[in-house]
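First up is the structure itself, then whatever we jot down about it.
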Amino acid sequence: MTKKIFRSILAASAAVLLASLVIVMGCLYNYFGTVQEKQLKDELWLAAYAVEESGQDYLEKLTLRDYRYTWTPDYRLTWIAPDGTVLFDTVDPAGQMDNHADRIEVREAFAAGESRSVRYSATLTQRTLYYARLLNNATVLRISVSQATLPVLLLAMLQPILLVGLLAIILSAALAGWMAKRIVRPLNSLDLENPLENDAYEELAPLLRRIHQQRRQISAQVRNLQEKTDEFEQITGHMKEGLVLLDNGGTILSINPAAQRIFGVEPSCHGQRFLTVDKDHSLYLAIQTALEDGHSEIRAKRSDREFQFDVSGIESDGLVIGAALLAFDVTEQAAAERSRREFTANVSHELKTPLQSILGSAELLKNGLVRPEDIPRFAELIHTEAARLVALVDDIIHLSRLDEGAAPPKEPVDLLETAERAAAALRDGAAKKRVQISVAGEHIQIDGVPSFLYEMIYNLCDNAVKYNVEGGHVDISVSGGKQGVAVTVADTGIGIPAEYQDRIFERFFRVDKSRSKASGGTGLGLSIVKHIAQYHHAAIELRSDTGGSTISVVFPPCGTDE
Ligand code: ADP
């Protein structure tokens with residue numbers, strides 16, 4: 001702005017100075033021209049008088065250039081007879097001169113007594129002014145003077161003109177610089193934080209009022225925007241899912257804390273290319289696909305967890321301006337899907353084996369291929385397999401109910417009483433193996449589902465009998481403490497090898513398949529126990545060696561159960 005003002009003032013002042021120069025010179029030229037004309041006229045009068053008095057003598061004396069006069073006059077006198085013949089001329093011999101009758105000033109002087117005219121030289125560098133006057137002897141006396149024309153004069157004065165012009169420009173520049181600074185200084189010191197408190201130029205008042213208004217509007221908009229940003233960050237900050245917003249070039253515009261954890265990056269990665277943050281090409285391709293086609297999905301692992309990445313293109317006015325990437329942790333879901341698939345395969349297999357055995361036995365019986373004394377053995381086999389099938393189907397139904405998240409209402413349950421009922425149901429079977437079951441402990445109540453808790457203790461106790469040795473015993477105890485309420489089933493059985501202890505709670509896992517089947521096991525008992533424990537927020541502890549196994553289910557202390 002300073003430069004612009006400087007240039008404008010410089011141009012204006014230079015123009016004014018130059019125009020003044022031209023005008024002044026024009027006026028002076030005009031003034032001196034008028035003065036010269038007046039002098040010329042006066043001299044003609046004097047000369048006319050002298051010629052009328054002395055005739056040619058006066059004129060000849062003028063041309064003598066003798067001892068008295070070192071001065072040569074600028075003007076020229078020409079004496080012309082009535083027929084136009086030059087009688088005398090102060091410059092050229094009269095005889096050599098043309099007839100002057102056609103000269104305009106001569107013609108008009110003969111006609112009107114006096115005349116004036118101006119003629120320019122062929123090169124326009126000279127301007128000659130003529131005055132003619134009719135004398136009383138009917139002759140005409142003419143006086144003339146030549147002077148340089150204005151362009152010639154200007155050319156002659158070029159040096160001083162240029163000097164003056166240069167001085168004018170230097171002066172204008174200094175003046176313009178000073179004025180530009182003076183004009184701009186108050187503008188530079190304007191307090192735009194408080195526009196209405198400025199007292200610079202009156203003309204700026206509307207502008208300052210407008211700035212004040214706009215500042216208020218902008219502050220309100222910034223506040224609004226900040227609130228929205230805070231709200232957005234508050235929401236995305238608490239999201240479990242990772243959210244990354246990208247522009248159409250794949251640069252990160254926003255990344256929430258969950259996404260920072262997933263990709264293992266710092267919040268400072270804003271503005272970086274996504275490919276530098278996550279080098280997986282398949283995810284990069286998914287982003288490109290979403291930018292081109294609107295949507296894409298992939299599953300991929302990040303830091304040992306499985307994620308579903310949903311990428312959607314963001315459009316504005318029909319143009320794709322970026323993409324939103326949502327990352328869901330599907331590790332548990334994927335594991336559940338896997339175990340469901342395995343479970344289905346296992347169930348089919350587990351159902352098929354007893355059914356085949358029943359079918360085979362039944363066919364032999366139908367075709368009369370079984371000796372009469374073997375019929376009871378076959379009937380027993382069919383019964384055992386059918387019973388196993390029923391137990392299996394019961395367990396499957398139970399498990400699927402638990403899987404579906406069936407949540408029967410909880411009520412106070414006496415664990416010792418429940419353990420006694422389970423023990424009573426198993427005592428006859430245990431007696432056959434000469435295994436003794438004992439129940440001890442306190443009558444402690446917890447909030448739970450009675451049928452679930454019964455089933456849990458029954459399964460643990462059933463295993464303790466099944467995998468026991470002849471003459472062994474099973475001790476069930478219920479105890480309470482700071483850690484919570486524990487139901488413990490300890491046996492003197494074969495124990496579980498250390499390498500399988502982590503796996504026995506998996507569905508259909510058995511350490512010794514044939515032993516499990518022989519004792520009517522389905523391989524689902526401990527899975528059901530695990531499920532029921534989880535449902536009651538209880539922890540399972542297992543200690544086992546070749547001398548027997550102890551499994552405790554520890555329920556959280558009263559009041560902490562969620
Ligand atoms: P199963 O119907 O085969 O008993 P479970 O799920 O109840 O199925 O148990 C899984 C496996 O864990 C059993 O097959 C068995 O090998 C082992 N097991 C469970 N409880 C005991 C125990 N008290 N002593 C020894 N092994 C056991």
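Each chain in the structure tokens gets a letter, A, B, ..., in the order shown, and its residues are numbered from 1; ligands are numbered from 1 in order too.
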
> Which polymer residues have any atom within 12 Å of an atom of Thr289 of chain A, counting only C-alpha atoms, with same-chain residues fewer than 4 positions away left out, as a PyMOL selection string?
Replying inline: chain A and resi 248+250+282-285+293-298+310-313+320+322-323

> Which residues sit within 6 Å of ligand 1, counting only C-alpha atoms and all ligand atoms, listed as a ChimeraX atom specification?
Replying inline: /A:463-464,467,493-496,504-505,509-512,516,521-527,549

Same residues, N, CA, C and O atoms, output as a tab-separated table (two decimals), in the first residue's frame:
chain	number	residue	atom	x	y	z
A	463	ASN	N	-17.41	-85.74	36.77
A	463	ASN	CA	-16.05	-85.97	36.27
A	463	ASN	C	-15.16	-86.53	37.36
A	463	ASN	O	-14.35	-87.43	37.10
A	464	ALA	N	-15.31	-85.98	38.55
A	464	ALA	CA	-14.46	-86.43	39.67
A	464	ALA	C	-14.69	-87.91	39.97
A	464	ALA	O	-13.76	-88.64	40.35
A	467	TYR	N	-13.42	-90.02	36.46
A	467	TYR	CA	-11.98	-90.15	36.26
A	467	TYR	C	-11.25	-90.46	37.57
A	467	TYR	O	-10.10	-90.08	37.76
A	493	GLY	N	-8.44	-88.98	41.69
A	493	GLY	CA	-8.46	-89.68	40.41
A	493	GLY	C	-7.14	-89.66	39.65
A	493	GLY	O	-6.08	-89.42	40.22
A	494	ILE	N	-7.27	-89.87	38.32
A	494	ILE	CA	-6.08	-90.07	37.48
A	494	ILE	C	-5.32	-88.77	37.18
A	494	ILE	O	-4.21	-88.79	36.66
A	495	GLY	N	-5.98	-87.68	37.44
A	495	GLY	CA	-5.33	-86.38	37.19
A	495	GLY	C	-5.35	-85.99	35.72
A	495	GLY	O	-5.70	-86.78	34.84
A	496	ILE	N	-5.00	-84.74	35.45
A	496	ILE	CA	-4.98	-84.24	34.06
A	496	ILE	C	-3.55	-83.81	33.75
A	496	ILE	O	-2.99	-82.96	34.46
A	504	ILE	N	-8.98	-78.54	28.58
A	504	ILE	CA	-10.13	-79.39	28.96
A	504	ILE	C	-11.46	-78.65	28.98
A	504	ILE	O	-12.51	-79.27	28.98
A	505	PHE	N	-11.39	-77.30	28.97
A	505	PHE	CA	-12.67	-76.55	28.97
A	505	PHE	C	-13.17	-76.30	27.54
A	505	PHE	O	-14.22	-75.71	27.35
A	509	PHE	N	-13.28	-81.53	23.85
A	509	PHE	CA	-11.89	-81.96	24.12
A	509	PHE	C	-11.90	-83.01	25.24
A	509	PHE	O	-12.53	-82.82	26.28
A	510	ARG	N	-11.22	-84.09	24.94
A	510	ARG	CA	-11.07	-85.15	25.97
A	510	ARG	C	-9.61	-85.58	26.00
A	510	ARG	O	-8.99	-85.71	24.95
A	511	VAL	N	-9.13	-85.82	27.20
A	511	VAL	CA	-7.74	-86.28	27.30
A	511	VAL	C	-7.67	-87.71	26.77
A	511	VAL	O	-6.84	-88.06	25.94
A	512	ASP	N	-8.60	-88.54	27.24
A	512	ASP	CA	-8.63	-89.95	26.82
A	512	ASP	C	-10.03	-90.22	26.27
A	512	ASP	O	-10.99	-90.38	27.03
A	516	SER	N	-13.49	-91.52	28.21
A	516	SER	CA	-14.62	-90.59	28.34
A	516	SER	C	-15.89	-91.24	27.80
A	516	SER	O	-16.96	-91.19	28.41
A	521	GLY	N	-19.28	-90.01	28.75
A	521	GLY	CA	-18.93	-88.58	28.64
A	521	GLY	C	-19.27	-88.03	27.25
A	521	GLY	O	-19.26	-88.75	26.25
A	522	THR	N	-19.58	-86.75	27.20
A	522	THR	CA	-19.91	-86.12	25.92
A	522	THR	C	-18.80	-85.17	25.46
A	522	THR	O	-18.82	-84.68	24.33
A	523	GLY	N	-17.88	-84.85	26.36
A	523	GLY	CA	-16.83	-83.87	26.03
A	523	GLY	C	-17.33	-82.44	26.15
A	523	GLY	O	-16.62	-81.50	25.80
A	524	LEU	N	-18.55	-82.27	26.68
A	524	LEU	CA	-19.11	-80.91	26.78
A	524	LEU	C	-19.27	-80.44	28.22
A	524	LEU	O	-19.56	-79.27	28.47
A	525	GLY	N	-19.09	-81.41	29.17
A	525	GLY	CA	-19.36	-81.10	30.59
A	525	GLY	C	-18.61	-79.87	31.09
A	525	GLY	O	-19.24	-78.95	31.65
A	526	LEU	N	-17.30	-79.83	30.87
A	526	LEU	CA	-16.53	-78.69	31.42
A	526	LEU	C	-16.79	-77.38	30.65
A	526	LEU	O	-16.64	-76.30	31.20
A	527	SER	N	-17.18	-77.52	29.33
A	527	SER	CA	-17.55	-76.29	28.59
A	527	SER	C	-18.76	-75.66	29.24
A	527	SER	O	-18.85	-74.42	29.38
A	549	SER	N	-7.28	-84.40	41.08
A	549	SER	CA	-7.52	-83.04	40.57
A	549	SER	C	-8.40	-82.29	41.56
A	549	SER	O	-9.25	-82.89	42.23

> Pick from A:His349, A:Gly484, A:Ala300, A:Asp89: nearest to Val330 of chain A, with only C-alpha atoms counted?
Replying inline: A:Ala300

>> I'd like the contact shell of Asn468 of chain A - 8 Å cut-off, only C-alpha atoms, skipping same-chain residues fewer than 2 positions apart - returned as a list in words.
In response: Val435, Ala464, Val465, Lys466, Glu470, Gly472, His473, Asp491, Thr492, Gly493, Ile494 and Gly548 of chain A

>> Let's see if you can do this: from backbone DSSP, list all alpha helix (DSSP H) residues in segment 227-449 of chain A, as an MDAnalysis selection string.
In response: chainID A and resid 227:237 257:263 274:277 281:293 331:366 375:403 415:432

>> Env of segment 256-271 of chain A: 10 Å cut, atoms = only C-alpha atoms, seq-sep filter 2 positions within chain, self excluded. Answer as a ChimeraX atom specification.
In response: /A:232-247,250-254,273-274,276-279,301-303,305,307,325-329

> So how far away is atom CA of Gly520 of chain A from atom CA of Leu365 of chain A, in Å?
Replying inline: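 Taking atom CA of Leu365 of chain A as the start and atom CA of Gly520 of chain A as the end point, the length is 23.4 Å.
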
> Taking only C-alpha atoms into account, which of A:Val118, A:Val35, A:Ala112, A:Met179 comes nearest Ser13 of chain A?
Replying inline: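 Checking each candidate against Ser13 of chain A, we get A:Met179 as the closest.
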
> Pick the closest to Leu124 of chain A from A:Thr546, A:Thr353, A:Thr139, A:Gln147: which is it, counting only C-alpha atoms?
Replying inline: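 Result for the nearest residue to Leu124 of chain A: A:Gln147.
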
> Which residues come within 12 Å of Val529 of chain A, counting only C-alpha atoms, excluding same-chain residues fewer than 6 positions away, as an NGL selection string?
Replying inline: :A and (395 or 398-399 or 402 or 452-463 or 504-507 or 523 or 535-536 or 538-541 or 551-553)

>> Which residues are near Leu196 of chain A? Cut-off 8 Å, only C-alpha atoms, ignore same chain within fewer than 6 positions. Put them as a list in words.
In response: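 Surrounding residues, per the criterion: Ala205, Leu208, Arg209 and His212 of chain A.
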
> If you run DSSP on the backbone, which residues of segment 94-278 of chain A are strand (DSSP E or B), as a VMD selection string?
Replying inline: chain A and resid 114 to 120 126 to 134 140 to 148 242 to 247 251 to 255 273

> Taking into account only C-alpha atoms, which residue in the set A:Pro186, A:Tyr49, A:Leu175, A:Glu332 is nearest to Asn137 of chain A?
Replying inline: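 Result for the nearest residue to Asn137 of chain A: A:Tyr49.
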
> Could you work out how far atom CA of Ile9 of chain A lies from atom CA of Gly177 of chain A, giving the answer in Å with one decimal?
Replying inline: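 Separating atom CA of Gly177 of chain A from atom CA of Ile9 of chain A is a distance of 8.4 Å.
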